[in-house]
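Asks: PDB, C-alpha atoms, file coords.pdb:
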```pdb
ATOM      1  CA  MET A   1      -5.242 -16.145 -19.488
ATOM      2  CA  SER A   2      -8.239 -15.122 -17.422
ATOM      3  CA  LEU A   3      -6.052 -14.909 -14.302
ATOM      4  CA  PHE A   4      -3.770 -12.477 -16.108
ATOM      5  CA  PHE A   5      -6.761 -10.382 -17.179
ATOM      6  CA  PHE A   6      -8.132 -10.352 -13.629
ATOM      7  CA  GLY A   7      -4.733  -9.311 -12.245
ATOM      8  CA  PHE A   8      -4.458  -6.546 -14.816
ATOM      9  CA  LEU A   9      -7.923  -5.225 -13.942
ATOM     10  CA  LEU A  10      -7.071  -5.317 -10.251
ATOM     11  CA  TYR A  11      -3.823  -3.446 -10.930
ATOM     12  CA  LEU A  12      -5.711  -0.764 -12.859
ATOM     13  CA  LEU A  13      -8.243  -0.431 -10.053
ATOM     14  CA  VAL A  14      -5.479   0.139  -7.506
ATOM     15  CA  LEU A  15      -3.707   2.601  -9.777
ATOM     16  CA  LEU A  16      -6.842   4.615 -10.506
ATOM     17  CA  SER A  17      -7.915   4.722  -6.868
ATOM     18  CA  GLU A  18      -4.468   6.009  -5.916
ATOM     19  CA  GLN A  19      -4.729   8.775  -8.502
ATOM     20  CA  ALA A  20      -8.248   9.708  -7.420
ATOM     21  CA  LEU A  21      -7.207   9.895  -3.779
ATOM     22  CA  VAL A  22      -4.206  12.107  -4.479
ATOM     23  CA  ARG A  23      -6.107  14.496  -6.742
ATOM     24  CA  LEU A  24      -8.837  15.393  -4.247
ATOM     25  CA  SER A  25      -8.833  19.118  -3.624
ATOM     26  CA  ALA A  26     -10.010  20.947  -0.516
ATOM     27  CA  HIS A  27     -13.179  21.962  -2.370
ATOM     28  CA  ASP A  28     -13.897  18.326  -3.269
ATOM     29  CA  LEU A  29     -13.417  17.246   0.347
ATOM     30  CA  GLU A  30     -15.840  19.895   1.580
ATOM     31  CA  ALA A  31     -18.396  18.790  -0.988
ATOM     32  CA  LEU A  32     -17.992  15.177   0.149
ATOM     33  CA  ARG A  33     -18.360  16.163   3.798
ATOM     34  CA  GLY A  34     -21.690  17.765   2.933
ATOM     35  CA  ARG A  35     -23.058  14.537   1.488
ATOM     36  CA  ASN A  36     -24.691  11.972   3.739
ATOM     37  CA  ASP A  37     -23.980   8.658   2.044
ATOM     38  CA  SER A  38     -21.554   5.957   3.086
ATOM     39  CA  ALA A  39     -19.328   6.241   0.004
ATOM     40  CA  ALA A  40     -18.673   9.933   0.677
ATOM     41  CA  LYS A  41     -17.882   9.234   4.325
ATOM     42  CA  ARG A  42     -15.460   6.483   3.307
ATOM     43  CA  ALA A  43     -13.735   8.765   0.786
ATOM     44  CA  VAL A  44     -13.344  11.531   3.385
ATOM     45  CA  PHE A  45     -11.933   9.045   5.900
ATOM     46  CA  LEU A  46      -9.391   7.766   3.372
ATOM     47  CA  ALA A  47      -8.396  11.292   2.380
ATOM     48  CA  GLU A  48      -7.903  12.272   6.015
ATOM     49  CA  GLN A  49      -5.760   9.168   6.603
ATOM     50  CA  LEU A  50      -3.761   9.871   3.440
ATOM     51  CA  ARG A  51      -0.413   8.478   4.543
ATOM     52  CA  SER A  52      -1.695   5.048   5.550
ATOM     53  CA  SER A  53      -4.065   4.902   2.570
ATOM     54  CA  LEU A  54      -1.262   5.602   0.108
ATOM     55  CA  ALA A  55       1.018   3.121   1.832
ATOM     56  CA  ALA A  56      -1.617   0.400   1.470
ATOM     57  CA  LEU A  57      -2.246   1.249  -2.184
ATOM     58  CA  LEU A  58       1.467   1.317  -3.012
ATOM     59  CA  LEU A  59       1.981  -2.002  -1.295
ATOM     60  CA  ALA A  60      -0.919  -3.495  -3.248
ATOM     61  CA  ARG A  61       0.554  -2.163  -6.484
ATOM     62  CA  VAL A  62       3.959  -3.657  -5.727
ATOM     63  CA  LEU A  63       2.490  -7.040  -4.846
ATOM     64  CA  LEU A  64       0.465  -7.153  -8.046
TER      65      LEU A  64
END
```
Rewrite the coordinates I just gave you, this time as structure tokens.
Replies:
Amino acid sequence: MSLFFFGFLLYLLVLLSEQALVRLSAHDLEALRGRNDSAAKRAVFLAEQLRSSLAALLLARVLL
């Protein structure tokens, strides 16, 4: 039962990260570029490499 719950949480995490990545606007990207922390830099990198990021997230969703 706990394995099912863990898999479901992992599936939701992948699904929500895919939605967050797709919904970034140009204004949001500029705001993230202005920040100096590692999470913002990682988000900008993933948004700039959108095709490979989405392919990885879709593959993870299919495998789950």
Asks: Identify which of the residues A:Met1, A:Ala43, A:Leu59, A:Leu64 lies closest to Leu24 in chain A, counting only C-alpha atoms when measuring atom-to-atom distances.
Replies: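 So, comparing all the options, the nearest one is A:Ala43.
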Asks: Quick one: distance from CA of Asn36 in chain A to CA of Ser52 in chain A in Å, one decimal?
Replies: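 Result for CA of Asn36 in chain A versus CA of Ser52 in chain A: 24.1 Å, one decimal.
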Asks: So, counting all atoms listed in the file, which residue among A:Ser17, A:Ser2, A:Leu54, A:Ala47 is closest to Leu29 in chain A?
Replies: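 Of A:Ser17, A:Ser2, A:Leu54, A:Ala47, the one nearest Leu29 in chain A, counting all atoms listed in the file, is A:Ala47.
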Asks: Quick one: pull the distance between CA of Leu46 in chain A and CA of Phe5 in chain A, Å, one decimal.
Replies: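 These atoms are spaced 27.5 Å apart.
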Asks: How many Å lie between CA of Arg42 in chain A and CA of Leu21 in chain A, rounded to one decimal?
Replies: 11.4 Å
Asks: The PyMOL selection byres ((chain A and resi 60) around 12) on the file shown: which residues, as a ChimeraX atom specification?
Replies: /A:7,10-15,17-18,53-59,61-64
Asks: Restricting the calculation to all atoms listed in the file, which member of A:Ala39, A:Phe8, A:Leu3, A:Glu48 is positioned closest to Ser25 in chain A?
Replies: A:Glu48
Asks: Have a look at A:Leu50, A:Phe45, A:Leu9, A:Arg35 and name the one nearest to Arg23 in chain A; count all atoms listed in the file.
Replies: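 The shortest atom-to-atom distance to Arg23 in chain A comes from A:Leu50.
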